[in-house]
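Trainee: Dropping in entry16.txt, which is compact mmCIF, C-alpha atoms and all ligand atoms:
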```txt
# COMPACT_ATOMS: atom_id res chain seq x y z
CA MET A 1 147.33 170.23 52.40
CA LEU A 2 145.70 171.40 49.24
CA GLY A 3 149.06 171.78 47.54
CA ALA A 4 150.12 168.30 48.54
CA GLU A 5 146.88 166.88 47.23
CA LEU A 6 146.97 168.73 43.93
CA GLY A 7 150.65 168.25 43.28
CA SER A 8 150.91 164.69 44.51
CA GLU A 9 151.48 163.24 41.07
CA GLN A 10 154.04 165.74 39.87
CA ARG A 11 156.01 166.47 43.00
CA GLN A 12 159.42 167.35 41.70
CA ILE A 13 162.73 169.09 42.34
CA VAL A 14 164.22 171.49 39.82
CA PHE A 15 167.96 171.44 39.20
CA THR A 16 170.34 173.83 37.49
CA ILE A 17 173.26 172.46 35.51
CA GLU A 18 176.38 174.64 35.28
CA HIS A 19 178.76 173.74 32.49
CA CYS A 20 182.38 174.51 31.56
CA ASP A 21 183.04 174.28 27.83
CA PHE A 22 186.80 173.92 28.24
CA CYS A 23 186.84 171.01 30.68
CA ASN A 24 183.42 169.65 29.74
CA ILE A 25 182.48 169.61 33.41
CA ASN A 26 178.89 169.73 34.65
CA ASN A 27 177.96 170.93 38.10
CA LYS A 28 174.45 170.02 39.26
CA ARG A 29 172.88 172.13 41.98
CA SER A 30 169.35 172.99 43.05
CA PHE A 31 167.57 175.77 41.16
CA GLN A 32 167.69 179.29 42.55
CA LYS A 33 165.37 182.09 41.58
CA GLY A 34 166.94 184.22 38.87
CA ASP A 35 168.67 181.28 37.16
CA TYR A 36 168.16 181.00 33.43
CA VAL A 37 169.71 178.99 30.62
CA VAL A 38 172.97 180.55 29.25
CA LYS A 39 173.38 182.82 32.29
CA ALA A 40 176.96 182.97 33.58
CA SER A 41 177.04 181.16 36.90
CA GLY A 42 179.76 179.68 39.10
CA ARG A 43 183.47 178.97 38.64
CA CYS A 44 184.85 175.83 37.08
CA PRO A 45 186.49 173.76 39.87
CA LYS A 46 189.18 172.55 37.43
CA CYS A 47 190.27 175.57 35.37
CA GLY A 48 188.70 178.44 37.31
CA ARG A 49 186.94 179.92 34.29
CA ASP A 50 183.35 181.16 34.49
CA MET A 51 180.76 178.50 33.88
CA TYR A 52 177.32 179.01 32.39
CA ILE A 53 173.94 177.40 32.92
CA SER A 54 173.43 174.80 30.20
CA ALA A 55 170.15 173.33 31.45
CA ILE A 56 167.43 173.71 34.04
CA TYR A 57 165.19 170.70 34.52
CA ALA A 58 162.79 168.98 36.88
CA GLU A 59 163.16 165.47 38.24
CA SER A 60 160.31 163.81 40.08
CA LEU A 61 160.98 162.83 43.67
CA ARG A 62 160.06 159.24 42.93
CA GLN A 63 162.88 159.06 40.39
CA GLN A 64 165.30 160.43 42.97
CA ALA A 65 164.43 157.95 45.69
CA MET Q 1 118.77 132.81 35.63
CA LEU Q 2 120.35 129.93 37.47
CA LEU Q 3 118.98 131.31 40.70
CA PHE Q 4 115.53 131.47 39.17
CA GLN Q 5 115.62 127.80 38.19
CA LEU Q 6 116.93 126.73 41.54
CA THR Q 7 114.42 128.54 43.70
CA PRO Q 8 111.40 126.18 43.27
CA SER Q 9 113.32 123.06 44.33
CA LEU Q 10 114.94 124.88 47.23
CA GLY Q 11 111.78 126.45 48.47
CA SER Q 12 109.29 123.59 47.98
CA SER Q 13 109.37 122.78 51.73
CA ASN Q 14 109.08 126.42 52.81
CA SER Q 15 106.93 128.71 50.62
CA LEU Q 16 107.82 131.91 52.54
CA TYR Q 17 111.49 131.21 52.09
CA SER Q 18 111.00 130.64 48.38
CA LEU Q 19 108.99 133.85 48.09
CA ILE Q 20 111.78 135.86 49.72
CA VAL Q 21 114.44 134.28 47.54
CA SER Q 22 112.54 134.93 44.34
CA ALA Q 23 111.69 138.47 45.46
CA LEU Q 24 115.40 139.06 46.06
CA PHE Q 25 115.85 138.24 42.43
CA TRP Q 26 112.81 139.89 40.92
CA VAL Q 27 112.64 143.19 42.76
CA PRO Q 28 116.06 144.50 41.62
CA TRP Q 29 115.26 143.18 38.18
CA ILE Q 30 112.09 145.26 37.98
CA ILE Q 31 113.78 148.30 39.51
CA LEU Q 32 116.55 148.10 36.93
CA ILE Q 33 114.10 147.69 34.05
CA PHE Q 34 112.04 150.73 34.99
CA TRP Q 35 114.50 153.00 36.73
CA GLY Q 36 117.83 151.75 35.39
CA GLN Q 37 118.48 154.81 33.33
CA ARG Q 38 117.47 157.08 36.21
CA ILE Q 39 119.93 155.34 38.46
CA GLN Q 40 122.65 155.64 35.87
CA VAL Q 41 121.91 159.34 35.48
CA THR Q 42 122.13 159.79 39.24
CA ILE Q 43 125.47 157.99 39.40
CA SER Q 44 126.83 159.98 36.47
CA LEU Q 45 125.59 163.23 37.95
CA GLY Q 46 127.31 162.42 41.23
CA GLN Q 47 130.59 161.65 39.53
CA VAL Q 48 130.50 164.65 37.23
CA SER Q 49 129.52 166.97 40.06
CA ARG Q 50 132.48 165.76 42.12
CA SER Q 51 134.82 166.38 39.18
CA LEU Q 52 133.19 169.75 38.64
CA ALA Q 53 133.77 170.70 42.27
CA ARG Q 54 137.43 169.83 41.82
CA LEU Q 55 137.58 171.89 38.66
CA LYS Q 56 136.08 174.81 40.56
CA LEU Q 57 138.69 174.30 43.25
CA LEU Q 58 141.47 174.38 40.66
CA SER Q 59 140.00 177.45 38.99
CA ASP Q 60 139.78 179.30 42.31
CA ARG Q 61 143.26 178.18 43.20
CA SER Q 62 144.67 179.55 39.96
CA LYS Q 63 143.17 182.94 40.78
CA GLN Q 64 144.44 182.75 44.34
CA VAL Q 65 147.98 181.87 43.26
CA LEU Q 66 147.99 184.83 40.90
CA LEU Q 67 146.60 187.24 43.49
CA ASN Q 68 149.05 185.94 46.12
CA TYR Q 69 151.94 186.42 43.73
CA ILE Q 70 150.82 189.96 43.06
CA SER Q 71 150.23 190.92 46.68
CA ASN Q 72 153.57 189.38 47.70
CA LYS Q 73 155.22 191.70 45.20
CA GLY Q 74 153.45 194.60 46.87
CA PHE Q 75 151.15 195.53 43.98
CA LYS Q 76 147.61 196.53 44.68
CA THR Q 77 144.89 195.36 42.39
CA ASP Q 78 141.21 195.99 41.86
CA ILE Q 79 139.55 192.58 42.41
CA THR Q 80 136.32 193.45 40.59
CA ARG Q 81 138.21 194.63 37.57
CA PHE Q 82 140.42 191.56 37.74
CA ASN Q 83 137.39 189.24 37.80
CA ASP Q 84 135.85 191.13 34.89
CA PHE Q 85 139.08 190.77 33.01
CA LEU Q 86 138.97 186.97 33.32
CA GLU Q 87 135.74 187.09 31.31
CA TYR Q 88 137.48 188.87 28.47
CA PHE Q 89 136.62 187.28 25.15
CA THR Q 90 137.81 187.22 21.57
CA ILE Q 91 135.49 186.59 18.64
CA PRO Q 92 137.14 184.67 15.82
CA PRO Q 93 136.61 186.02 12.30
CA VAL Q 94 133.90 184.63 10.02
CA SER Q 95 135.21 181.97 7.63
CA MET Q 96 132.26 181.75 5.20
CA ASP Q 97 134.31 183.78 2.76
CA PRO Q 98 137.76 182.37 3.52
CA VAL Q 99 139.73 184.82 1.39
CA GLY Q 100 142.01 186.77 3.70
CA VAL Q 101 140.72 185.09 6.85
CA VAL Q 102 144.26 184.64 8.19
CA LYS Q 103 144.98 188.36 7.88
CA ARG Q 104 141.76 189.20 9.68
CA PHE Q 105 142.46 186.60 12.36
CA ASP Q 106 145.98 187.94 12.73
CA HIS Q 107 144.62 191.43 13.20
CA ILE Q 108 142.14 190.31 15.85
CA LEU Q 109 144.75 188.33 17.77
CA THR Q 110 147.24 191.19 17.65
CA THR Q 111 144.55 193.47 19.07
CA GLN Q 112 143.79 190.89 21.77
CA ASP Q 113 147.45 190.57 22.64
CA LYS Q 114 147.93 194.31 22.96
CA ARG Q 115 144.73 194.64 24.96
CA ILE Q 116 145.78 191.93 27.43
CA LYS Q 117 149.22 193.47 27.83
CA ASN Q 118 147.72 196.89 28.45
CA GLU Q 119 145.22 195.51 30.91
CA VAL Q 120 147.93 193.65 32.83
CA ALA Q 121 150.05 196.80 32.87
CA GLN Q 122 147.11 198.75 34.28
CA LEU Q 123 146.00 196.15 36.80
CA PHE Q 124 149.48 195.46 38.12
CA SER Q 125 151.85 198.30 37.60
CA THR Q 126 155.33 196.85 37.28
CA SER Q 127 158.21 197.97 35.15
CA ASP Q 128 160.10 194.69 35.45
CA LYS Q 129 159.85 192.90 32.10
CA ILE Q 130 160.27 189.40 33.52
CA GLU Q 131 157.70 190.04 36.22
CA ARG Q 132 155.22 191.40 33.71
CA SER Q 133 155.61 188.45 31.36
CA ILE Q 134 155.14 186.05 34.29
CA ILE Q 135 151.95 187.84 35.31
CA GLU Q 136 150.71 187.77 31.71
CA ASN Q 137 151.27 184.02 31.54
CA MET Q 138 149.56 183.52 34.90
CA VAL Q 139 146.58 185.61 33.85
CA GLY Q 140 146.38 183.39 30.76
CA ILE Q 141 146.15 180.29 32.95
CA ALA Q 142 143.59 181.82 35.33
CA ALA Q 143 141.44 182.91 32.38
CA ALA Q 144 141.72 179.46 30.77
CA MET Q 145 140.75 177.71 34.02
CA ASN Q 146 137.81 180.07 34.45
CA GLN Q 147 136.67 179.28 30.92
CA ILE Q 148 137.10 175.50 31.22
CA PHE Q 149 135.13 175.45 34.47
CA LYS Q 150 132.28 177.50 33.03
CA ILE Q 151 131.96 175.38 29.89
CA ILE Q 152 131.91 172.09 31.81
CA ARG Q 153 129.43 173.53 34.29
CA HIS Q 154 127.22 174.56 31.36
CA TYR Q 155 127.04 171.02 30.00
CA TYR Q 156 126.61 169.56 33.50
CA ILE Q 157 123.58 171.75 34.20
CA LEU Q 158 122.21 171.06 30.73
CA GLY Q 159 122.54 167.30 31.29
CA LYS Q 160 121.00 167.54 34.74
CA LYS Q 161 118.03 169.60 33.58
CA GLY Q 162 117.14 167.26 30.73
CA ASN Q 163 118.18 164.04 32.48
CA ASN Q 164 120.35 163.61 29.42
CA ILE Q 165 122.32 160.44 29.99
CA TYR Q 166 124.32 160.82 26.78
CA LEU Q 167 125.54 164.30 27.61
CA LEU Q 168 126.48 163.24 31.12
CA ALA Q 169 128.21 160.09 29.87
CA GLN Q 170 130.33 162.22 27.54
CA LEU Q 171 131.27 164.55 30.39
CA GLN Q 172 132.08 161.56 32.55
CA MET Q 173 134.36 160.21 29.84
CA ILE Q 174 136.39 163.38 29.26
CA MET Q 175 136.58 164.40 32.92
CA PRO Q 176 139.63 162.36 34.02
CA MET Q 177 141.73 163.69 31.09
CA LEU Q 178 140.47 167.22 31.61
CA LEU Q 179 141.18 167.20 35.32
CA LYS Q 180 144.71 165.94 34.68
CA GLN Q 181 145.37 168.78 32.27
CA ALA Q 182 143.77 171.35 34.56
CA ASP Q 183 145.94 170.03 37.38
CA ALA Q 184 149.04 170.41 35.21
CA LEU Q 185 147.99 173.91 34.22
CA VAL Q 186 147.60 175.05 37.81
CA ASN Q 187 150.82 173.31 38.85
CA ALA Q 188 152.57 175.15 36.02
CA MET Q 189 151.87 178.41 37.85
CA SER Q 190 154.56 177.67 40.43
CA THR Q 191 156.98 176.98 37.57
CA LEU Q 192 156.04 180.35 36.08
CA GLU Q 193 156.38 182.08 39.44
CA LEU Q 194 159.99 180.94 39.73
CA GLY Q 195 160.77 181.65 36.08
CA GLN Q 196 161.82 178.07 35.31
CA PRO Q 197 161.92 176.81 31.70
CA LEU Q 198 158.80 174.98 30.50
CA GLY Q 199 158.76 171.78 28.47
CA ASP Q 200 157.66 173.93 25.54
CA GLY Q 201 160.95 175.85 25.88
CA ILE Q 202 163.15 173.15 24.33
CA GLY Q 203 163.23 174.92 20.94
CA PRO Q 204 164.44 178.26 22.36
CA ALA Q 205 166.84 176.43 24.73
CA SER Q 206 168.50 174.52 21.86
CA VAL Q 207 168.98 177.74 19.90
CA ALA Q 208 170.01 179.83 22.94
CA LEU Q 209 172.97 177.56 23.64
CA LEU Q 210 174.20 178.16 20.07
CA MET Q 211 173.62 181.91 20.41
CA ARG Q 212 175.71 182.25 23.56
CA GLU Q 213 178.62 184.69 23.17
CA LYS Q 214 177.38 185.77 19.74
CA GLU Q 215 176.21 189.29 19.09
CA LYS Q 216 172.43 189.44 19.51
CA ARG Q 217 170.18 191.83 17.64
CA ARG Q 218 166.57 192.62 18.32
CA ILE Q 219 164.11 192.11 15.48
CA GLY Q 220 160.56 193.25 16.00
CA ASP Q 221 158.74 192.77 19.26
CA GLU Q 222 160.29 190.39 21.79
CA THR Q 223 162.35 188.50 19.22
CA VAL Q 224 166.13 188.31 18.80
CA PHE Q 225 168.55 186.88 16.27
CA ALA Q 226 172.28 186.18 16.04
CA GLU Q 227 174.65 184.88 13.41
CA THR Q 228 176.95 181.90 13.69
CA GLU Q 229 178.91 179.67 11.36
CA TYR Q 230 179.04 175.94 10.86
CA LYS Q 231 181.41 174.31 8.37
CA GLY Q 232 181.33 177.27 6.00
CA ARG Q 233 177.56 177.77 6.21
CA ARG Q 234 176.18 180.85 7.87
CA ALA Q 235 173.30 180.23 10.25
CA ILE Q 236 170.90 182.95 11.43
CA LEU Q 237 169.59 181.90 14.84
CA VAL Q 238 166.17 183.23 15.85
CA LYS Q 239 164.27 182.94 19.12
CA ALA Q 240 161.93 184.90 21.36
CA GLU Q 241 163.65 187.24 23.77
CA GLY Q 242 164.27 185.62 27.16
CA PRO Q 243 164.42 184.89 29.97
CA GLU Q 244 160.95 186.40 30.06
CA GLY Q 245 157.99 184.19 29.21
CA ASN Q 246 157.70 185.24 25.57
CA VAL Q 247 156.94 183.34 22.40
CA GLY Q 248 158.07 186.25 20.23
CA GLU Q 249 156.89 187.18 16.76
CA ILE Q 250 158.70 184.48 14.86
CA ASP Q 251 156.73 184.87 11.62
CA ASP Q 252 157.33 188.62 11.31
CA ALA Q 253 160.99 188.23 12.25
CA LEU Q 254 161.45 185.55 9.61
CA GLU Q 255 159.77 187.70 6.99
CA LYS Q 256 162.08 190.61 7.77
CA ILE Q 257 165.16 188.40 7.68
CA VAL Q 258 164.30 186.68 4.42
CA LYS Q 259 162.91 189.72 2.59
CA GLU Q 260 165.05 192.56 3.91
CA ILE Q 261 168.21 191.49 5.70
CA TYR Q 262 169.40 188.30 4.01
CA PRO Q 263 167.67 187.66 0.68
CA ASP Q 264 169.97 184.67 -0.02
CA VAL Q 265 168.54 182.25 2.58
CA SER Q 266 168.50 178.74 1.15
CA ALA Q 267 166.75 176.84 3.97
CA ILE Q 268 164.66 177.35 7.09
CA ILE Q 269 164.96 174.94 10.01
CA MET Q 270 162.40 175.07 12.82
CA ILE Q 271 162.93 173.43 16.21
CA ASP Q 272 159.87 172.90 18.38
CA ALA Q 273 158.29 170.69 21.02
CA ALA Q 274 155.56 168.50 19.56
CA LEU Q 275 152.84 166.39 21.10
CA LYS Q 276 153.84 162.75 21.38
CA LEU Q 277 151.51 159.85 20.85
CA GLU Q 278 150.87 157.71 23.90
CA GLY Q 279 153.57 155.06 23.96
CA GLU Q 280 156.21 157.31 22.43
CA LYS Q 281 159.12 158.28 24.65
CA THR Q 282 159.38 161.78 26.10
CA GLY Q 283 162.40 163.62 24.71
CA ASP Q 284 162.64 161.60 21.50
CA VAL Q 285 163.88 163.73 18.60
CA SER Q 286 162.42 163.42 15.08
CA GLU Q 287 163.14 165.15 11.85
CA GLY Q 288 160.77 166.12 9.04
CA VAL Q 289 159.65 168.86 6.73
CA GLY Q 290 157.11 171.68 7.17
CA ALA Q 291 156.55 174.55 9.55
CA ALA Q 292 156.79 173.27 13.12
CA ILE Q 293 154.80 175.82 15.08
CA GLY Q 294 151.60 175.55 17.13
CA GLY Q 295 148.97 178.09 18.04
CA TYR Q 296 145.99 179.13 15.93
CA GLY Q 297 147.88 178.54 12.69
CA ILE Q 298 148.48 182.15 11.72
CA GLU Q 299 152.25 182.07 12.14
CA LYS Q 300 152.28 178.68 10.43
CA PHE Q 301 150.33 180.07 7.48
CA LYS Q 302 152.57 183.10 7.15
CA ILE Q 303 155.74 181.02 7.28
CA GLU Q 304 154.40 178.52 4.73
CA GLN Q 305 153.35 181.34 2.43
CA LEU Q 306 156.73 183.03 2.71
CA ALA Q 307 158.61 179.79 2.10
CA TYR Q 308 156.44 179.08 -0.94
CA GLU Q 309 156.86 182.56 -2.42
CA LYS Q 310 160.62 182.50 -1.94
CA ASN Q 311 160.90 178.81 -2.78
CA ILE Q 312 162.82 178.04 0.40
CA PRO Q 313 162.52 174.51 1.86
CA VAL Q 314 161.35 174.33 5.49
CA TYR Q 315 162.75 171.55 7.69
CA ALA Q 316 161.54 170.66 11.15
CA ILE Q 317 163.15 169.09 14.19
CA ILE Q 318 160.72 168.14 16.93
CA VAL Q 319 161.08 166.93 20.49
CA LYS Q 320 158.26 164.67 21.64
CA GLU Q 321 156.40 165.42 24.84
CA SER Q 322 152.87 165.20 26.25
CA ILE Q 323 150.67 168.27 26.68
CA ILE Q 324 151.16 168.00 30.44
CA GLU Q 325 154.95 167.94 30.05
CA ALA Q 326 154.83 170.87 27.64
CA ILE Q 327 153.03 173.21 30.03
CA GLY Q 328 154.95 172.10 33.15
CA ALA Q 329 158.58 172.56 34.20
CA MET Q 330 160.98 171.11 31.64
CA ARG Q 331 161.70 167.49 32.49
CA LYS Q 332 165.16 165.95 32.50
CA GLU Q 333 164.49 163.77 29.44
CA ILE Q 334 163.47 166.86 27.46
CA ALA Q 335 166.42 168.99 28.59
CA GLU Q 336 168.82 166.18 27.69
CA SER Q 337 167.49 166.00 24.14
CA VAL Q 338 169.35 169.25 23.35
CA ASN Q 339 172.45 167.34 22.23
CA GLN Q 340 170.52 165.21 19.80
CA VAL Q 341 168.61 168.25 18.52
CA GLN Q 342 171.90 170.01 17.79
CA GLN Q 343 173.42 166.95 16.12
CA THR Q 344 170.37 166.64 13.88
CA LEU Q 345 170.50 170.37 13.17
CA PHE Q 346 174.15 170.27 12.14
CA ARG Q 347 173.55 167.23 9.94
CA ILE Q 348 170.64 168.95 8.16
CA ILE Q 349 172.74 172.09 7.66
CA GLU Q 350 175.62 170.08 6.24
CA GLU Q 351 173.41 168.01 3.92
CA ARG Q 352 170.89 170.56 2.70
CA VAL Q 353 172.71 173.90 2.77
CA PRO Q 354 175.46 174.51 0.18
CA GLU Q 355 178.81 175.80 1.36
CA ASN Q 356 178.78 179.60 1.82
CA GLY Q 357 174.98 179.28 1.89
CA ARG Q 358 172.76 180.77 4.52
CA VAL Q 359 170.18 179.06 6.73
CA VAL Q 360 167.68 180.41 9.26
CA VAL Q 361 167.32 178.33 12.43
CA ILE Q 362 164.29 179.11 14.59
CA GLY Q 363 163.73 177.92 18.16
CA VAL Q 364 159.96 177.92 18.55
CA GLY Q 365 158.23 178.05 21.93
CA ASN Q 366 157.94 179.89 25.22
CA THR Q 367 161.37 181.09 26.28
CA LEU Q 368 160.71 181.51 29.99
CA GLY Q 369 163.89 180.82 31.95
CA VAL Q 370 165.96 180.69 28.77
CA GLY Q 371 168.18 183.66 27.93
CA GLN Q 372 170.26 184.11 24.80
ZN ZN A 401 186.86 174.36 33.21
```
Could you spell out this file's structure in structure tokens?
Mentor:
Amino acid sequence: MLGAELGSEQRQIVFTIEHCDFCNINNKRSFQKGDYVVKASGRCPKCGRDMYISAIYAESLRQQA
Amino acid sequence: MLLFQLTPSLGSSNSLYSLIVSALFWVPWIILIFWGQRIQVTISLGQVSRSLARLKLLSDRSKQVLLNYISNKGFKTDITRFNDFLEYFTIPPVSMDPVGVVKRFDHILTTQDKRIKNEVAQLFSTSDKIERSIIENMVGIAAAMNQIFKIIRHYYILGKKGNNIYLLAQLQMIMPMLLKQADALVNAMSTLELGQPLGDGIGPASVALLMREKEKRRIGDETVFAETEYKGRRAILVKAEGPEGNVGEIDDALEKIVKEIYPDVSAIIMIDAALKLEGEKTGDVSEGVGAAIGGYGIEKFKIEQLAYEKNIPVYAIIVKESIIEAIGAMRKEIAESVNQVQQTLFRIIEERVPENGRVVVIGVGNTLGVGQ
């Protein structure tokens, strides 16, 4: 209750963007603990190379809806 | 006034009715004349006390979040010592004789920093670097909330005691802004808990992406650098060591680089988040000159001094954001400014750094959730 009240204005979801430099592909998924920018994460669906995290950002739920 | 003029003609047939109507007008009038200020004070007091209660709630919550985080990790902590620690203070140096005040301030802040780190290490024994930096950041927020609450309470009680309408009016005016920032500060704790990048981390993030797959070297405490090349210019990339919540010792690292490692640096470029003016768009990128770095001004002073001594121009690239966006999780608009930051950076390097020249690029800010 308290959390909902305090966070009502900034309720948001955090996403992690995985990127492949070779194919210029971005894969957007929800943030998991331990993620950080430049960390190797995931396989490129096109070329199979390792991807890395190029961004982690928050979007507000209002924007999503 | 209109009512006053109308009452005689209305009430001429019924004097009691006219008396009541005029009393309805006169009584509040008299009350307002004699007790108007009192009433205003009471209203202000009510409003400020409600805001104060909320501030107290936020302050308590910040402590609770921190203690929950710690107990979830299985650390035990001494609550009395923890509460004492929140009262920890730092006395700024005297500036009557300003010669060398920055050095003295620097010394005091370094002592404070070490002290806080030691205290955190003692209160919550953890060897994990990320965990420790998160706890340090959280303790910072809890201590700040404690301080904000106490200062506002001080002025509230002062205003109440002296029926000081002006003091209360000032409190009433700053309260909405203050509460918003306090809210953001406490909300930022969940961002810290998860180790997500903050809005302030755009500088380190822009530099980290350029550092990827380059050989990184440590320089001083919690600061790293790497070398890369762009169109025949060599760029030394500097940032705080991540993904822990560090800001690094940028000034000392820069001094070492320019004085000891690469004496041929021909430009310094600093990338940082900067406060936007209301009406400006979040994530807008601007370019300028001067040392782009916040804080008490010690790092800024040292960098300016160094640049002046060595006659190296300092360029700045800033990303606009509000204070609330800077202390919270990095927003999409900010994260997406990285491309424009890098384009601007490359353009500055190409225009202002001669071929075969060397440039230092610094990503300034808290590097939580940003590796290298
Ligand atoms: Zn690929």
Trainee: What is the distance, in Å and to one decimal place, between atom CA of Asp264 of chain Q and atom CA of Gly357 of chain Q?
Mentor: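 These two atoms are separated by 7.6 Å.
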Trainee: How many Å lie between atom CA of Ile134 of chain Q and atom CA of Phe15 of chain A, rounded to one decimal?
Mentor: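 For atom CA of Ile134 of chain Q relative to atom CA of Phe15 of chain A, the distance reads 20.0 Å.
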Trainee: Please, which residues have at least one atom within 9 Å of an atom of ligand ZN 401 (chain A), using only C-alpha atoms and all ligand atoms, listed as a count of residues only?
Mentor: 16
Trainee: Return the single residue from Q:Gln196, Q:His154, Q:Met173, Q:Glu255 that is closest to Ser30 of chain A, with distances computed using only C-alpha atoms.
Mentor: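 Comparing Q:Gln196, Q:His154, Q:Met173, Q:Glu255 against Ser30 of chain A, the winner is Q:Gln196.
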Trainee: Considering all atoms listed in the file, extract the chain A residues located within 8 Å of chain Q and return them as a list of chain:residue names.
Mentor: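 Residues passing the distance filter: A:Leu6, A:Gly7, A:Lys33, A:Gly34, A:Asp35, A:Tyr36, A:Val37, A:Val38, A:Lys39, A:Ser54, A:Ala55, A:Ile56, A:Tyr57, A:Ala58, A:Glu59.
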Trainee: Quick one: residues within 7 Å of Leu52 of chain Q, all atoms listed in the file counted, chain neighbours fewer than 4 positions away excluded, as a VMD selection string?
Mentor: chain Q and resid 48 56 153
Trainee: Restrict the selected residues to C-alpha atoms and save them as a PDB file, keeping the file's coordinate frame.
Mentor:
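The resulting part-v4.pdb:
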```pdb
ATOM      1  CA  VAL Q  48     130.500 164.650  37.230  1.00  0.00           C
ATOM      2  CA  LYS Q  56     136.080 174.810  40.560  1.00  0.00           C
ATOM      3  CA  ARG Q 153     129.430 173.530  34.290  1.00  0.00           C
TER       4      ARG Q 153
END
```
Trainee: Give me the residues near Val341 of chain Q as number ranges by chain, where near means some atom within 12 Å (using all atoms listed in the file) and where sequence neighbours in that chain fewer than 4 positions away do not count.
Mentor: Q: 202-207, 209-210, 269-273, 283-287, 316-320, 334-337, 345-348, 361, 363
Trainee: With a distance cut-off of 10 Å and all atoms listed in the file, select the neighbouring residues of Met175 of chain Q, excluding the residue or stretch itself and same-chain residues fewer than 2 positions from it, and output the selection as a list in words.
Mentor: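 Returned residues: Gln47, Val48, Ser51, Leu52, Leu55, Ile152, Ala169, Gln170, Leu171, Gln172, Met173, Met177, Leu178, Leu179, Lys180 and Gln181 of chain Q.
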Trainee: In Å, with one decimal, what is the gap from atom CA of Leu61 of chain A to atom CA of Leu185 of chain Q?
Mentor: 19.5 Å
Trainee: Restricting the calculation to all atoms listed in the file, which member of Q:Asn118, Q:Lys281, Q:Glu304, Q:Gln340 is positioned closest to Ser322 of chain Q?
Mentor: Q:Lys281
Trainee: Can you pull out the residues contacting segment 34-43 of chain Q? Cut-off 12 Å, using all atoms listed in the file, and skip same-chain residues under 2 positions away; I want them as a list in words.
Mentor: Val27, Pro28, Trp29, Ile30, Ile31, Leu32, Leu45, Gly46, Gln47, Val48, Ser49, Arg50, Tyr156, Gly159, Lys160, Lys161, Gly162, Asn163, Asn164, Ile165, Tyr166, Leu167, Leu168, Ala169, Gln170, Leu171 and Gln172 of chain Q
Trainee: Which residue is closest to Val14 of chain A? Choose from A:Tyr52, A:Ser41, A:Asn27, A:Gln32 and count all atoms listed in the file.
Mentor: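 Closest residue, counting all atoms listed in the file: A:Gln32.
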Trainee: Could I see segment 268-279 of chain Q restored to N, CA and C atoms, set down as an mmCIF file, in the frame of the given file?
Mentor:
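What landed in result_34.cif:
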```
data_model
loop_
_atom_site.group_PDB
_atom_site.id
_atom_site.type_symbol
_atom_site.label_atom_id
_atom_site.label_comp_id
_atom_site.auth_asym_id
_atom_site.auth_seq_id
_atom_site.Cartn_x
_atom_site.Cartn_y
_atom_site.Cartn_z
ATOM 1 N N ILE Q 268 165.160 176.939 5.779
ATOM 2 C CA ILE Q 268 164.660 177.350 7.090
ATOM 3 C C ILE Q 268 164.537 176.079 7.923
ATOM 4 N N ILE Q 269 165.084 176.104 9.131
ATOM 5 C CA ILE Q 269 164.960 174.940 10.010
ATOM 6 C C ILE Q 269 164.250 175.380 11.290
ATOM 7 N N MET Q 270 163.153 174.704 11.622
ATOM 8 C CA MET Q 270 162.400 175.070 12.820
ATOM 9 C C MET Q 270 162.531 173.974 13.867
ATOM 10 N N ILE Q 271 162.809 174.384 15.107
ATOM 11 C CA ILE Q 271 162.930 173.430 16.210
ATOM 12 C C ILE Q 271 161.792 173.700 17.192
ATOM 13 N N ASP Q 272 161.022 172.684 17.504
ATOM 14 C CA ASP Q 272 159.870 172.900 18.380
ATOM 15 C C ASP Q 272 159.562 171.642 19.177
ATOM 16 N N ALA Q 273 158.840 171.826 20.288
ATOM 17 C CA ALA Q 273 158.290 170.690 21.020
ATOM 18 C C ALA Q 273 157.025 170.258 20.283
ATOM 19 N N ALA Q 274 156.774 168.958 20.224
ATOM 20 C CA ALA Q 274 155.560 168.500 19.560
ATOM 21 C C ALA Q 274 154.890 167.436 20.407
ATOM 22 N N LEU Q 275 153.574 167.354 20.287
ATOM 23 C CA LEU Q 275 152.840 166.390 21.100
ATOM 24 C C LEU Q 275 153.202 164.968 20.688
ATOM 25 N N LYS Q 276 153.519 164.148 21.672
ATOM 26 C CA LYS Q 276 153.840 162.750 21.380
ATOM 27 C C LYS Q 276 152.556 161.939 21.401
ATOM 28 N N LEU Q 277 152.617 160.801 20.738
ATOM 29 C CA LEU Q 277 151.510 159.850 20.850
ATOM 30 C C LEU Q 277 151.758 159.043 22.112
ATOM 31 N N GLU Q 278 150.694 158.573 22.739
ATOM 32 C CA GLU Q 278 150.870 157.710 23.900
ATOM 33 C C GLU Q 278 151.725 156.525 23.478
ATOM 34 N N GLY Q 279 152.689 156.174 24.296
ATOM 35 C CA GLY Q 279 153.570 155.060 23.960
ATOM 36 C C GLY Q 279 154.904 155.537 23.415
#
```
